[in-house]
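Here is the file final-v3.csv (CSV, C-alpha atoms (C1' of nucleotides)).
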```
chain,number,residue,atom,x,y,z
A,15,MET,CA,46.0,-18.8,41.6
A,16,ALA,CA,45.3,-22.5,41.6
A,17,GLU,CA,41.9,-22.0,43.0
A,18,PRO,CA,39.9,-24.6,45.0
A,19,LEU,CA,39.1,-26.3,41.7
A,20,PRO,CA,35.3,-26.6,42.5
A,21,ILE,CA,34.2,-29.6,40.6
A,22,SER,CA,35.8,-31.0,37.5
A,23,ASP,CA,33.5,-30.1,34.7
A,24,ASP,CA,33.2,-32.2,31.6
A,25,ASP,CA,33.5,-31.6,27.9
A,26,GLY,CA,30.1,-29.9,27.9
A,27,LEU,CA,28.7,-32.4,25.4
A,28,CYS,CA,26.5,-34.0,28.0
A,29,GLU,CA,26.5,-31.5,30.8
A,30,GLU,CA,23.4,-29.7,29.7
A,31,GLY,CA,22.1,-32.9,28.1
A,32,ARG,CA,22.0,-34.8,31.4
A,33,ASP,CA,18.6,-33.7,32.5
A,34,LEU,CA,17.3,-34.0,29.0
A,35,ILE,CA,18.5,-37.6,28.7
A,36,ARG,CA,17.3,-38.5,32.1
A,37,GLY,CA,13.9,-37.1,31.1
A,38,VAL,CA,13.6,-39.3,28.1
A,39,LEU,CA,14.7,-42.3,30.0
A,40,GLU,CA,12.3,-41.7,32.8
A,41,ARG,CA,9.7,-41.7,30.1
A,42,ILE,CA,10.7,-44.8,28.1
A,43,GLY,CA,12.8,-46.5,30.7
A,44,ASP,CA,9.9,-48.0,32.5
A,45,LYS,CA,8.8,-51.5,31.9
A,46,TRP,CA,5.9,-50.9,29.4
A,47,SER,CA,6.0,-47.6,27.6
A,48,VAL,CA,8.2,-48.6,24.7
A,49,ILE,CA,6.3,-51.9,24.3
A,50,VAL,CA,3.0,-50.0,24.0
A,51,ILE,CA,4.5,-47.5,21.7
A,52,CYS,CA,5.8,-50.3,19.5
A,53,GLN,CA,2.4,-52.0,19.4
A,54,LEU,CA,0.7,-48.8,18.4
A,55,GLY,CA,3.2,-48.6,15.6
A,56,ASP,CA,1.3,-47.3,12.7
A,57,THR,CA,-2.3,-48.2,13.5
A,58,THR,CA,-4.9,-47.3,16.0
A,59,ARG,CA,-5.5,-49.9,18.7
A,60,ARG,CA,-8.2,-50.5,21.3
A,61,PHE,CA,-7.5,-51.0,25.0
A,62,ASN,CA,-7.9,-54.7,25.3
A,63,GLU,CA,-6.3,-55.2,21.9
A,64,LEU,CA,-3.2,-53.5,23.3
A,65,ARG,CA,-3.6,-55.5,26.5
A,66,ARG,CA,-3.4,-58.8,24.6
A,67,MET,CA,-0.6,-57.6,22.3
A,68,SER,CA,1.5,-56.3,25.3
A,69,ALA,CA,0.9,-59.4,27.4
A,70,PRO,CA,1.7,-60.0,30.2
A,71,ILE,CA,0.9,-56.4,31.1
A,72,THR,CA,-1.8,-55.9,33.7
A,73,GLN,CA,-4.8,-53.7,33.2
A,74,ARG,CA,-3.6,-51.4,35.9
A,75,MET,CA,-0.2,-50.9,34.3
A,76,LEU,CA,-1.5,-50.5,30.7
A,77,SER,CA,-4.0,-47.9,32.0
A,78,ALA,CA,-1.2,-46.0,33.8
A,79,THR,CA,1.2,-46.3,30.9
A,80,LEU,CA,-1.3,-45.0,28.4
A,81,ARG,CA,-2.2,-42.1,30.7
A,82,GLY,CA,1.4,-41.1,31.0
A,83,LEU,CA,2.0,-41.3,27.2
A,84,GLU,CA,-1.2,-39.3,26.6
A,85,ARG,CA,0.0,-36.7,29.2
A,86,ASP,CA,3.2,-36.2,27.3
A,87,GLY,CA,1.4,-35.9,24.0
A,88,LEU,CA,2.7,-39.1,22.6
A,89,VAL,CA,-0.6,-40.9,22.1
A,90,THR,CA,-4.1,-39.7,21.6
A,91,ARG,CA,-7.1,-41.2,23.3
A,92,THR,CA,-10.5,-41.1,21.6
A,93,VAL,CA,-13.6,-42.3,23.2
A,94,HIS,CA,-16.5,-43.5,21.0
A,95,ASP,CA,-19.7,-43.2,22.8
A,96,THR,CA,-21.0,-46.6,21.8
A,97,LYS,CA,-22.3,-49.6,23.7
A,98,PRO,CA,-20.2,-51.4,24.7
A,99,PRO,CA,-17.8,-48.5,25.1
A,100,ARG,CA,-14.9,-48.3,22.7
A,101,VAL,CA,-11.7,-46.4,23.2
A,102,ASP,CA,-9.0,-46.0,20.5
A,103,TYR,CA,-5.4,-45.2,21.1
A,104,ALA,CA,-2.9,-44.0,18.5
A,105,LEU,CA,0.5,-42.4,18.2
A,106,THR,CA,0.7,-38.7,17.7
A,107,PRO,CA,3.4,-37.3,15.3
A,108,ARG,CA,5.5,-36.8,18.4
A,109,GLY,CA,5.0,-40.4,19.4
A,110,THR,CA,5.9,-41.6,15.9
A,111,SER,CA,9.1,-39.6,16.0
A,112,LEU,CA,10.0,-41.2,19.3
A,113,LEU,CA,9.3,-44.6,17.8
A,114,GLU,CA,12.0,-43.8,15.2
A,115,VAL,CA,14.5,-43.2,17.9
A,116,VAL,CA,13.5,-46.3,19.7
A,117,ARG,CA,14.0,-48.2,16.5
A,118,ALA,CA,17.6,-46.9,16.4
A,119,LEU,CA,18.0,-48.2,19.9
A,120,ALA,CA,16.7,-51.5,18.8
A,121,GLY,CA,19.1,-51.5,15.9
A,122,TRP,CA,22.0,-51.0,18.2
A,123,ALA,CA,20.7,-53.8,20.5
A,124,GLU,CA,20.4,-56.1,17.6
A,125,ARG,CA,24.0,-55.5,16.4
A,126,ASN,CA,25.4,-55.9,19.9
A,127,ALA,CA,23.3,-58.5,21.4
A,128,THR,CA,25.6,-61.5,21.0
A,129,GLY,CA,28.7,-59.4,21.8
A,130,ILE,CA,27.1,-58.3,25.1
A,131,LEU,CA,26.1,-61.9,26.0
A,132,ASP,CA,29.6,-63.1,25.3
A,133,SER,CA,31.1,-60.3,27.5
A,134,ARG,CA,28.8,-61.3,30.3
A,135,THR,CA,29.6,-64.9,30.3
A,136,ALA,CA,33.3,-64.0,30.1
A,137,PHE,CA,33.0,-61.6,33.0
A,138,ASP,CA,31.1,-64.0,35.1
A,139,ALA,CA,33.5,-66.8,34.4
A,140,ALA,CA,36.4,-64.5,35.5
A,141,GLY,CA,34.6,-64.2,38.8
B,4,MET,CA,-12.1,-71.3,8.9
B,5,ALA,CA,-12.4,-68.3,11.1
B,6,GLU,CA,-10.3,-69.9,13.7
B,7,PRO,CA,-10.1,-68.8,17.4
B,8,LEU,CA,-7.8,-66.0,16.3
B,9,PRO,CA,-5.3,-66.8,19.0
B,10,ILE,CA,-3.8,-63.4,19.8
B,11,SER,CA,-3.8,-60.5,17.5
B,12,ASP,CA,-0.2,-60.3,16.3
B,13,ASP,CA,1.4,-57.0,15.3
B,14,ASP,CA,3.1,-55.7,12.2
B,15,GLY,CA,6.2,-57.7,13.1
B,16,LEU,CA,8.4,-54.7,13.3
B,17,CYS,CA,8.6,-54.8,17.0
B,18,GLU,CA,7.5,-58.3,17.8
B,19,GLU,CA,11.0,-59.8,17.7
B,20,GLY,CA,12.5,-56.5,18.8
B,21,ARG,CA,10.6,-56.4,22.0
B,22,ASP,CA,13.1,-58.4,24.0
B,23,LEU,CA,16.0,-56.6,22.3
B,24,ILE,CA,14.6,-53.2,23.2
B,25,ARG,CA,13.8,-54.2,26.8
B,26,GLY,CA,17.3,-55.5,27.0
B,27,VAL,CA,18.9,-52.1,26.1
B,28,LEU,CA,16.5,-50.3,28.3
B,29,GLU,CA,17.3,-52.4,31.3
B,30,ARG,CA,20.9,-51.6,30.7
B,31,ILE,CA,20.6,-47.8,30.2
B,32,GLY,CA,17.2,-47.3,31.8
B,33,ASP,CA,18.6,-47.2,35.3
B,34,LYS,CA,19.3,-44.0,37.1
B,35,TRP,CA,23.1,-43.7,36.4
B,36,SER,CA,24.4,-45.7,33.5
B,37,VAL,CA,23.9,-43.1,30.7
B,38,ILE,CA,25.2,-40.4,32.9
B,39,VAL,CA,28.4,-42.3,33.6
B,40,ILE,CA,28.7,-43.2,29.9
B,41,CYS,CA,28.3,-39.6,29.0
B,42,GLN,CA,31.0,-38.5,31.5
B,43,LEU,CA,33.3,-41.0,30.1
B,44,GLY,CA,32.6,-39.6,26.7
B,45,ASP,CA,36.0,-39.5,25.0
B,46,THR,CA,38.5,-39.7,27.8
B,47,THR,CA,39.6,-41.9,30.6
B,48,ARG,CA,38.4,-41.1,34.0
B,49,ARG,CA,39.3,-42.2,37.5
B,50,PHE,CA,36.7,-43.4,40.1
B,51,ASN,CA,36.4,-40.3,42.3
B,52,GLU,CA,36.6,-38.1,39.2
B,53,LEU,CA,33.6,-39.8,37.8
B,54,ARG,CA,32.0,-39.6,41.2
B,55,ARG,CA,32.3,-35.8,41.3
B,56,MET,CA,31.2,-35.4,37.7
B,57,SER,CA,28.2,-37.6,38.2
B,58,ALA,CA,27.2,-36.1,41.5
B,59,PRO,CA,25.1,-36.7,43.4
B,60,ILE,CA,25.7,-40.4,42.7
B,61,THR,CA,26.8,-42.4,45.7
B,62,GLN,CA,29.9,-44.6,45.9
B,63,ARG,CA,27.8,-47.7,46.1
B,64,MET,CA,25.8,-46.9,42.9
B,65,LEU,CA,28.9,-45.7,40.9
B,66,SER,CA,30.6,-48.9,41.8
B,67,ALA,CA,27.6,-51.0,40.9
B,68,THR,CA,27.0,-49.1,37.7
B,69,LEU,CA,30.6,-49.4,36.5
B,70,ARG,CA,30.6,-53.1,37.2
B,71,GLY,CA,27.5,-53.6,35.2
B,72,LEU,CA,28.9,-51.6,32.3
B,73,GLU,CA,32.2,-53.5,32.5
B,74,ARG,CA,30.3,-56.8,32.5
B,75,ASP,CA,28.6,-55.9,29.3
B,76,GLY,CA,31.8,-54.8,27.7
B,77,LEU,CA,30.9,-51.2,27.5
B,78,VAL,CA,33.7,-49.9,29.7
B,79,THR,CA,37.2,-51.1,30.6
B,80,ARG,CA,38.6,-51.0,34.0
B,81,THR,CA,42.4,-50.8,34.4
B,82,VAL,CA,44.1,-50.9,37.8
B,83,HIS,CA,47.4,-49.2,38.2
B,84,ASP,CA,49.4,-50.7,41.0
B,85,THR,CA,50.5,-47.4,42.5
B,86,LYS,CA,50.2,-46.0,45.9
B,87,PRO,CA,47.7,-44.6,46.4
B,88,PRO,CA,45.8,-46.9,44.1
B,89,ARG,CA,44.5,-45.6,40.8
B,90,VAL,CA,41.8,-47.1,38.7
B,91,ASP,CA,41.0,-45.8,35.2
B,92,TYR,CA,37.7,-46.3,33.4
B,93,ALA,CA,37.2,-45.8,29.7
B,94,LEU,CA,34.6,-46.6,27.1
B,95,THR,CA,35.2,-49.5,24.8
B,96,PRO,CA,34.3,-49.2,21.1
B,97,ARG,CA,31.0,-50.8,22.0
B,98,GLY,CA,30.4,-48.3,24.7
B,99,THR,CA,31.2,-45.5,22.3
B,100,SER,CA,28.8,-46.8,19.8
B,101,LEU,CA,26.1,-46.8,22.5
B,102,LEU,CA,27.0,-43.3,23.3
B,103,GLU,CA,26.1,-42.3,19.7
B,104,VAL,CA,22.7,-43.8,20.1
B,105,VAL,CA,22.2,-42.1,23.4
B,106,ARG,CA,23.1,-38.8,21.8
B,107,ALA,CA,20.4,-39.4,19.2
B,108,LEU,CA,18.0,-39.9,22.1
B,109,ALA,CA,19.2,-36.7,23.6
B,110,GLY,CA,18.6,-34.9,20.3
B,111,TRP,CA,15.0,-36.1,20.3
B,112,ALA,CA,14.6,-35.0,23.8
B,113,GLU,CA,16.0,-31.6,23.0
B,114,ARG,CA,13.7,-31.1,20.1
B,115,ASN,CA,10.6,-32.2,22.0
B,116,ALA,CA,11.3,-30.9,25.5
B,117,THR,CA,9.2,-27.8,25.4
B,118,GLY,CA,6.4,-29.6,23.5
B,119,ILE,CA,6.2,-32.3,26.1
B,120,LEU,CA,6.2,-29.8,28.9
B,121,ASP,CA,3.3,-27.9,27.3
B,122,SER,CA,1.4,-31.1,26.8
B,123,ARG,CA,1.8,-32.0,30.4
B,124,THR,CA,0.5,-28.7,31.7
B,125,ALA,CA,-2.4,-28.8,29.3
B,126,PHE,CA,-3.2,-32.4,30.4
B,127,ASP,CA,-3.0,-31.5,34.0
B,128,ALA,CA,-5.1,-28.4,33.6
B,129,ALA,CA,-7.8,-30.5,31.9
B,130,GLY,CA,-7.9,-32.6,35.0
C,21,DC,C1',42.0,-43.6,46.6
C,22,DA,C1',38.9,-47.1,45.4
C,23,DG,C1',36.0,-49.7,46.9
C,24,DA,C1',33.0,-53.5,50.0
C,25,DA,C1',29.4,-54.5,53.6
C,26,DT,C1',25.3,-53.5,56.0
C,27,DC,C1',21.1,-51.4,56.9
C,28,DC,C1',16.9,-49.2,55.5
C,29,DT,C1',13.1,-47.1,52.9
C,30,DA,C1',10.2,-45.2,49.0
C,31,DG,C1',7.7,-46.4,45.3
C,32,DC,C1',7.1,-49.5,41.3
C,33,DA,C1',4.5,-52.9,39.9
C,34,DG,C1',1.8,-57.6,40.4
C,35,DA,C1',-2.7,-59.8,42.0
C,36,DT,C1',-7.3,-59.4,42.9
C,37,DA,C1',-11.8,-57.5,43.1
C,38,DC,C1',-15.2,-54.1,41.8
C,39,DT,C1',-17.8,-50.6,38.4
C,40,DG,C1',-20.3,-47.7,34.6
D,11,DC,C1',-15.4,-53.2,27.1
D,12,DA,C1',-12.6,-50.1,29.6
D,13,DG,C1',-11.3,-49.0,33.2
D,14,DT,C1',-10.7,-47.8,39.0
D,15,DA,C1',-9.6,-49.3,43.9
D,16,DT,C1',-6.9,-51.7,47.4
D,17,DC,C1',-3.6,-54.3,49.3
D,18,DT,C1',1.0,-56.1,49.3
D,19,DG,C1',5.7,-57.7,48.0
D,20,DC,C1',10.0,-56.7,46.1
D,21,DT,C1',13.9,-54.2,44.9
D,22,DA,C1',16.5,-50.1,43.2
D,23,DG,C1',18.9,-47.2,45.4
D,24,DG,C1',20.2,-43.8,49.5
D,25,DA,C1',22.9,-43.3,54.0
D,26,DT,C1',26.4,-44.9,56.7
D,27,DT,C1',30.4,-47.4,58.2
D,28,DC,C1',34.6,-50.0,57.4
D,29,DT,C1',39.1,-51.6,54.7
D,30,DG,C1',43.5,-52.6,51.7
```

Written as structure tokens, that's how I'd like the structure from this file.
Amino acid sequence: MAEPLPISDDDGLCEEGRDLIRGVLERIGDKWSVIVICQLGDTTRRFNELRRMSAPITQRMLSATLRGLERDGLVTRTVHDTKPPRVDYALTPRGTSLLEVVRALAGWAERNATGILDSRTAFDAAG
Amino acid sequence: MAEPLPISDDDGLCEEGRDLIRGVLERIGDKWSVIVICQLGDTTRRFNELRRMSAPITQRMLSATLRGLERDGLVTRTVHDTKPPRVDYALTPRGTSLLEVVRALAGWAERNATGILDSRTAFDAAG
DNA sequence: CAGAATCCTAGCAGATACTG
DNA sequence: CAGTATCTGCTAGGATTCTG
């Protein structure tokens, strides 16, 4: 026996989850998605309203970000045929559920912010 | 009254949290950090062991990723002065706590994976 | 084995200008 | 107001080579 030992395989807790996690992170890991999701929070917002709230985001990036979120069913886009035009964005239930998870992330960040900062300065000092 | 209304400010739930969240995402939002954290899971791993488990990561990126994680106090690096050299990496308590949050993220991803996929095809079909 | 050093490229994202 | 179109720089990250 003692076969070639193909590739050490892990505990299995993350093996299948790898693609899944990478998927979420590719969704919310970009520069603006979570910010926009946060600003949408619990109310409907208009395009330029979001733009101001998410400053300094550019029009181009807000547009692209919103389209991505809409594509994944995280936000809805409703066009009111008025003059001037008005477009409302809001979180879907799925988007809201994501916001919950993001808040958990923020909680962790809050609890560990200073610790991380300290570790960094220590690490850099050790040079 | 009715002042210039500087910039619409949000519900406050995310306002202060924005930098915090961006901070975490810049840490785990890169291509390899969470994968490495997952592989470290509950046991100590050696460099090339991690390399195989995290394939197809390159040496350069594994090295850089580990250094970043060590800098933030998420993993420890212990060098055994043997021949050939042996270096062990393991999660710190802080790293483990982050893994918990990441697992929550994975849970959300798991629950919403098919839904998102469906939304995407629907969105693309609507063209 | 565990890296460091170097080179190189795709694509993310900013700035700017234009449109219905 | 709510976007699109273009042009461009920057950098994350891959491939490869070298070392203690």

Practice item. Quick one: everything within 12 Å of stretch 16-30 of chain D, counting all atoms listed in the file, minus sequence neighbours fewer than 2 positions away in the same chain. Send it as a VMD selection string. Key: (chain A and resid 74) or (chain B and resid 32 to 35 59 to 65 67 to 68 86 to 88) or (chain C and resid 21 to 38) or (chain D and resid 14)

Quick one: residues within 8 Å of A:Asp102, only C-alpha atoms (C1' of nucleotides) counted, chain neighbours fewer than 5 positions away excluded, as a PyMOL selection string? chain A and resi 58-61+91-94

(message) What are the residues of chain B lining chain A at 7 Å or less? Count all atoms listed in the file, and put the answer as a list in words.
(response)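 Going by the stated atoms only, the list reads Ile10, Ser11, Asp12, Asp13, Cys17, Gly20, Arg21, Leu23, Ile24, Val27, Leu28, Gly32, Ile38, Cys41, Gln42, Arg55, Met56, Arg74, Asp75, Gly76, Val104, Leu108, Ala109, Ala112, Glu113, Ile119, Ser122, Arg123 and Phe126 of chain B.
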
#### Entry: Exercise answer, chain D residues close to chain A, 8 Å and only C-alpha atoms (C1' of nucleotides), as a PyMOL selection string
chain D and resi 11-13

Using all atoms listed in the file, the best pick from B:Ser36, B:Leu94, B:Leu69, B:Thr117 as closest to chain C would be B:Leu69

Atom C1' of C:DT39 sits from atom CA of A:Asp95 at a separation of 17.4 Å
